[in-house]
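Novice: Supplied structure: structure-v1.txt, compact mmCIF, C-alpha atoms.
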# COMPACT_ATOMS: atom_id res chain seq x y z
CA MET A 1 67.04 1.48 -38.62
CA ALA A 2 64.39 1.35 -35.95
CA ASN A 3 61.00 -0.05 -36.71
CA SER A 4 58.70 2.85 -37.49
CA LYS A 5 55.47 0.87 -37.30
CA LYS A 6 53.26 1.88 -34.40
CA GLN A 7 52.25 -0.86 -32.07
CA PRO A 8 48.56 -0.96 -31.14
CA ALA A 9 47.95 0.31 -27.63
CA TYR A 10 46.00 -2.72 -26.50
CA GLY A 11 46.50 -2.16 -22.81
CA LYS A 12 45.26 1.40 -22.95
CA SER A 13 42.07 0.69 -24.92
CA LYS A 14 41.22 -2.41 -22.84
CA SER A 15 41.59 -0.41 -19.66
CA ALA A 16 39.41 2.41 -20.97
CA ASN A 17 36.76 -0.08 -22.13
CA LEU A 18 36.77 -1.78 -18.74
CA GLY A 19 36.23 1.57 -17.01
CA VAL A 20 33.26 2.38 -19.26
CA ILE A 21 31.74 -1.05 -18.59
CA ILE A 22 32.14 -0.67 -14.83
CA LEU A 23 30.54 2.79 -14.91
CA ALA A 24 27.63 1.47 -16.99
CA VAL A 25 27.05 -1.44 -14.59
CA LEU A 26 27.18 0.88 -11.56
CA GLY A 27 24.75 3.28 -13.22
CA ALA A 28 22.36 0.43 -13.99
CA LEU A 29 22.53 -0.81 -10.37
CA ILE A 30 21.81 2.67 -9.02
CA ALA A 31 18.86 3.05 -11.39
CA LEU A 32 17.52 -0.40 -10.42
CA THR A 33 17.85 0.44 -6.72
CA ALA A 34 15.90 3.68 -7.23
CA VAL A 35 13.13 1.89 -9.13
CA LEU A 36 12.84 -0.84 -6.48
CA TYR A 37 12.70 1.79 -3.73
CA LEU A 38 9.88 3.61 -5.49
CA LEU A 39 7.96 0.42 -6.19
CA LEU A 40 8.53 -1.44 -2.94
CA GLY A 41 9.28 1.34 -0.48
CA ARG A 42 5.75 2.73 -0.72
CA THR A 43 3.88 -0.54 -0.19
CA GLY A 44 1.50 -0.31 2.73
CA ALA A 45 2.30 3.30 3.44
CA GLN A 46 -0.06 5.80 5.00
CA ALA A 47 -2.04 7.75 2.43
CA GLY A 48 -0.66 11.21 1.97
CA VAL A 49 2.48 10.40 3.97
CA GLN A 50 3.99 7.55 1.94
CA ASP A 51 7.35 7.43 3.70
CA ALA A 52 6.11 7.97 7.26
CA GLN A 53 6.43 5.41 10.01
CA ILE A 54 3.43 3.29 10.93
CA PRO A 55 1.24 5.40 13.22
CA GLN A 56 1.23 4.01 16.75
CA GLY A 57 -1.95 5.18 18.38
CA GLY A 58 -3.54 8.52 17.70
CA ASN A 59 -5.94 9.49 14.96
CA ILE A 60 -5.48 8.54 11.31
CA GLN A 61 -5.67 11.42 8.85
CA ILE A 62 -6.21 10.74 5.15
CA VAL A 63 -5.56 13.56 2.68
CA LYS A 64 -8.44 13.21 0.22
CA ASN A 65 -6.80 14.69 -2.88
CA GLU A 66 -4.03 12.08 -2.61
CA ILE A 67 -6.45 9.16 -2.82
CA THR A 68 -7.03 7.65 -6.26
CA ASP A 69 -8.91 4.68 -7.69
CA THR A 70 -5.91 2.60 -6.70
CA ALA A 71 -6.52 1.56 -3.10
CA SER A 72 -4.23 2.95 -0.41
CA PHE A 73 -3.56 0.41 2.33
CA ILE A 74 -2.85 2.38 5.50
CA PRO A 75 -1.08 0.58 8.37
CA TYR A 76 -1.91 1.34 11.98
CA ASP A 77 -0.51 0.00 15.26
CA ALA A 78 -3.17 -0.21 17.97
CA GLY A 79 -1.14 -0.99 21.08
CA GLY A 80 0.94 -3.69 19.39
CA MET A 81 -1.91 -4.95 17.19
CA SER A 82 -1.15 -4.43 13.49
CA MET A 83 -4.17 -3.14 11.62
CA GLU A 84 -4.73 -1.78 8.12
CA LEU A 85 -7.28 0.56 6.59
CA ILE A 86 -8.30 0.92 2.96
CA ALA A 87 -8.94 4.31 1.36
CA VAL A 88 -9.93 4.47 -2.30
CA LYS A 89 -11.75 6.83 -4.64
CA ALA A 90 -15.01 5.35 -5.95
CA SER A 91 -16.32 6.04 -9.47
CA ASP A 92 -18.56 8.82 -8.08
CA GLY A 93 -15.47 10.68 -6.80
CA THR A 94 -16.06 9.99 -3.10
CA VAL A 95 -13.31 8.59 -0.90
CA ARG A 96 -14.44 5.31 0.65
CA THR A 97 -12.85 3.82 3.76
CA ALA A 98 -12.87 0.40 5.40
CA PHE A 99 -10.74 -1.86 7.54
CA ASN A 100 -8.66 -4.21 5.41
CA THR A 101 -10.22 -7.28 6.93
CA CYS A 102 -13.19 -9.38 5.90
CA GLN A 103 -16.36 -9.43 7.98
CA VAL A 104 -16.59 -13.22 7.57
CA CYS A 105 -13.02 -14.44 7.02
CA TYR A 106 -11.17 -12.11 9.45
CA ASP A 107 -10.27 -14.91 11.89
CA SER A 108 -8.66 -17.09 9.20
CA GLY A 109 -5.48 -15.00 9.04
CA ARG A 110 -6.05 -14.54 5.29
CA GLY A 111 -9.21 -12.43 5.53
CA TYR A 112 -7.73 -9.33 3.94
CA TYR A 113 -8.05 -7.74 0.50
CA LYS A 114 -5.88 -7.01 -2.50
CA GLN A 115 -7.04 -4.86 -5.39
CA GLU A 116 -7.60 -6.30 -8.85
CA GLY A 117 -8.96 -3.68 -11.24
CA ASN A 118 -12.06 -2.09 -9.70
CA GLU A 119 -12.53 -4.93 -7.23
CA LEU A 120 -11.10 -5.99 -3.91
CA VAL A 121 -10.46 -9.73 -3.62
CA CYS A 122 -10.58 -11.59 -0.28
CA GLN A 123 -7.34 -13.55 0.08
CA ASN A 124 -9.12 -16.28 2.05
CA CYS A 125 -12.23 -17.19 0.05
CA GLY A 126 -11.65 -15.31 -3.20
CA ASN A 127 -14.86 -13.27 -2.97
CA ARG A 128 -14.73 -10.21 -5.23
CA PHE A 129 -16.08 -6.94 -3.91
CA GLN A 130 -16.70 -3.84 -6.06
CA ILE A 131 -14.85 -0.74 -4.83
CA ASP A 132 -18.05 1.28 -5.36
CA GLN A 133 -19.73 -0.91 -2.70
CA ILE A 134 -17.29 0.02 0.09
CA GLU A 135 -19.28 1.69 2.89
CA LYS A 136 -22.50 0.63 1.14
CA GLU A 137 -22.67 -3.02 2.19
CA LYS A 138 -22.47 -4.43 5.68
CA ASN A 139 -22.26 -8.08 6.68
CA GLY A 140 -21.14 -10.85 4.39
CA CYS A 141 -17.71 -11.39 2.87
CA ASN A 142 -16.65 -7.80 2.34
CA PRO A 143 -14.39 -5.23 4.02
CA VAL A 144 -15.53 -3.90 7.40
CA PRO A 145 -16.82 -0.42 6.47
CA ILE A 146 -15.86 2.80 8.20
CA LEU A 147 -19.10 4.72 7.78
CA GLU A 148 -19.68 8.47 7.52
CA GLU A 149 -20.73 8.70 11.16
CA ASP A 150 -17.50 6.96 12.24
CA LYS A 151 -15.13 9.57 10.78
CA THR A 152 -14.79 13.30 10.32
CA ASP A 153 -14.51 14.78 6.83
CA ASP A 154 -13.59 18.49 6.69
CA GLY A 155 -13.55 18.52 2.88
CA THR A 156 -9.79 18.03 2.51
CA THR A 157 -8.95 15.49 5.22
CA ILE A 158 -10.73 12.46 6.63
CA THR A 159 -9.94 11.81 10.29
CA ILE A 160 -10.63 8.48 11.99
CA SER A 161 -10.26 8.61 15.75
CA GLU A 162 -8.00 6.41 17.84
CA THR A 163 -11.00 5.47 20.00
CA TYR A 164 -12.92 4.19 16.98
CA LEU A 165 -9.90 2.32 15.58
CA ASN A 166 -9.28 0.57 18.91
CA GLN A 167 -12.87 -0.76 18.93
CA TYR A 168 -11.99 -2.92 15.92
CA LYS A 169 -8.50 -4.14 16.75
CA GLU A 170 -9.79 -7.58 17.80
CA LEU A 171 -10.65 -8.25 14.13
CA PHE A 172 -6.92 -8.23 13.42
CA GLY A 173 -5.88 -10.85 16.02
CA ASN A 174 -4.93 -13.44 13.34
CA TRP A 175 -4.48 -10.98 10.50
CA LYS A 176 -1.87 -12.02 7.91
CA LYS A 177 -0.45 -14.68 10.23
CA VAL A 178 -0.85 -17.58 7.81
Kindly transcribe the structure held in the file into structure tokens.
Specialist:
Amino acid sequence: MANSKKQPAYGKSKSANLGVIILAVLGALIALTAVLYLLLGRTGAQAGVQDAQIPQGGNIQIVKNEITDTASFIPYDAGGMSMELIAVKASDGTVRTAFNTCQVCYDSGRGYYKQEGNELVCQNCGNRFQIDQIEKEKNGCNPVPILEEDKTDDGTTITISETYLNQYKELFGNWKKV
């Protein structure tokens, strides 16, 4: 008489388990890639146009309702010179703008700012600068301000002209080259 006991289908269940594991790993990799794109793909992007190319010449336009208390670092190419602007909402609700270079440390190559809380920190000397003081203080170790008279604000968009931007490109000669 033939053996009526059923043999376990090891090959079938191992294969099915392997397929589930592979799908789970692929799903995790896709999710990780999406998260990294969102976190890293927007670094240094133009405010209001996060995935746009770096503007080469022309005016910079900043959409005010897209600016928050987290600083936007806006890249700009002035005839081959890499520059960067800062746009951030101060505690009074106004959008403040400046060049992301220090009035004292700009020539060091590390005279630029990173945000820590409600302060900008010079990456050369470590000076801390309150966001609410952008456009209020001139001279000293702080970001080069872009004052009201140097830009146009129509209520929804701030425009900074190419002519004005080009006047300051020399401050970026050694910028981030250390």
Novice: Quick one: distance from atom CA of Asp77 of chain A to atom CA of Gly57 of chain A in Å, one decimal?
Specialist: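 So the two atoms, atom CA of Asp77 of chain A and atom CA of Gly57 of chain A, lie 6.2 Å apart.
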Novice: Go through A:Ile146, A:Val104, A:Ile131, A:Val178 and flag the residue nearest Leu85 of chain A, using only C-alpha atoms for the distances.
Specialist: A:Ile146
Novice: Go through A:Ile74, A:Tyr168, A:Asn65, A:Gly140 one by one, measure the shortest atom-to-atom distance of each to Thr94 of chain A using all atoms listed in the file, and give the residue with the smallest value.
Specialist: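 Result for the nearest residue to Thr94 of chain A: A:Asn65.
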Novice: What gap, in Å, lies between atom CA of Glu149 of chain A and atom CA of Arg96 of chain A?
Specialist: 12.7 Å
Novice: Which residues, written as a list in words, have at least one atom at most 12 Å from Leu171 of chain A, with all atoms listed in the file counted and residues fewer than 5 positions away on the same chain left out?
Specialist: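 Here the answer would be Ala78, Met81, Ser82, Met83, Glu84, Phe99, Asn100, Thr101, Cys102, Gln103, Val104, Cys105, Tyr106, Asp107, Ser108, Gly109, Arg110, Gly111, Tyr112, Pro143, Val144, Leu165, Asn166 and Lys176 of chain A.
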Novice: Write out as a compact mmCIF listing (two decimals) with C-alpha atoms, in the frame of the given file which residues come within 9 Å of segment 90-93 of chain A when counting only C-alpha atoms, dropping same-chain ones fewer than 4 positions away.
Specialist:
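part-v4.txt, freshly written:
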# COMPACT_ATOMS: atom_id res chain seq x y z
CA THR A 68 -7.03 7.65 -6.26
CA ASP A 69 -8.91 4.68 -7.69
CA ASN A 118 -12.06 -2.09 -9.70
CA ILE A 131 -14.85 -0.74 -4.83
CA ASP A 132 -18.05 1.28 -5.36
CA GLN A 133 -19.73 -0.91 -2.70
CA ILE A 134 -17.29 0.02 0.09
Novice: What is the atom CA of Asn127 of chain A-atom CA of Lys114 of chain A distance in Å, reported with one decimal?
Specialist: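 Between atom CA of Asn127 of chain A and atom CA of Lys114 of chain A the gap works out to 11.0 Å.
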Novice: For a quick check of understanding, using all atoms listed in the file, which of A:Asn174, A:Thr97, A:Thr152, A:Thr70 has the smallest distance to Glu119 of chain A?
Specialist: A:Thr70
Novice: I'd like the contact shell of Asp153 of chain A - 10 Å cut-off, all atoms listed in the file, skipping same-chain residues fewer than 6 positions apart - returned as a ChimeraX atom specification.
Specialist: /A:61-64,95,159-160
Novice: From the options A:Gln123, A:Gln115, A:Thr156, A:Ser161, which residue's atoms come nearest to Glu66 of chain A, counting only C-alpha atoms?
Specialist: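 Among the listed residues, A:Thr156 lies closest to Glu66 of chain A.
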Novice: What are the centre and the three edge lengths of an axis-aligned box that wraps all atoms of segment 157-170 of chain A in the file, given that 8 Å is added to every side, written as AutoDock Vina command-line options and rounded to one decimal in Å?
Specialist:
--center_x -10.5 --center_y 4.0 --center_z 12.6 --size_x 20.9 --size_y 39.1 --size_z 30.8
Novice: Of the candidates A:Lys151, A:Glu170, A:Cys122, A:Lys177, which shows the shortest atom-to-atom distance to Ile60 of chain A, using all atoms listed in the file?
Specialist: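 Closest candidate: A:Lys151.
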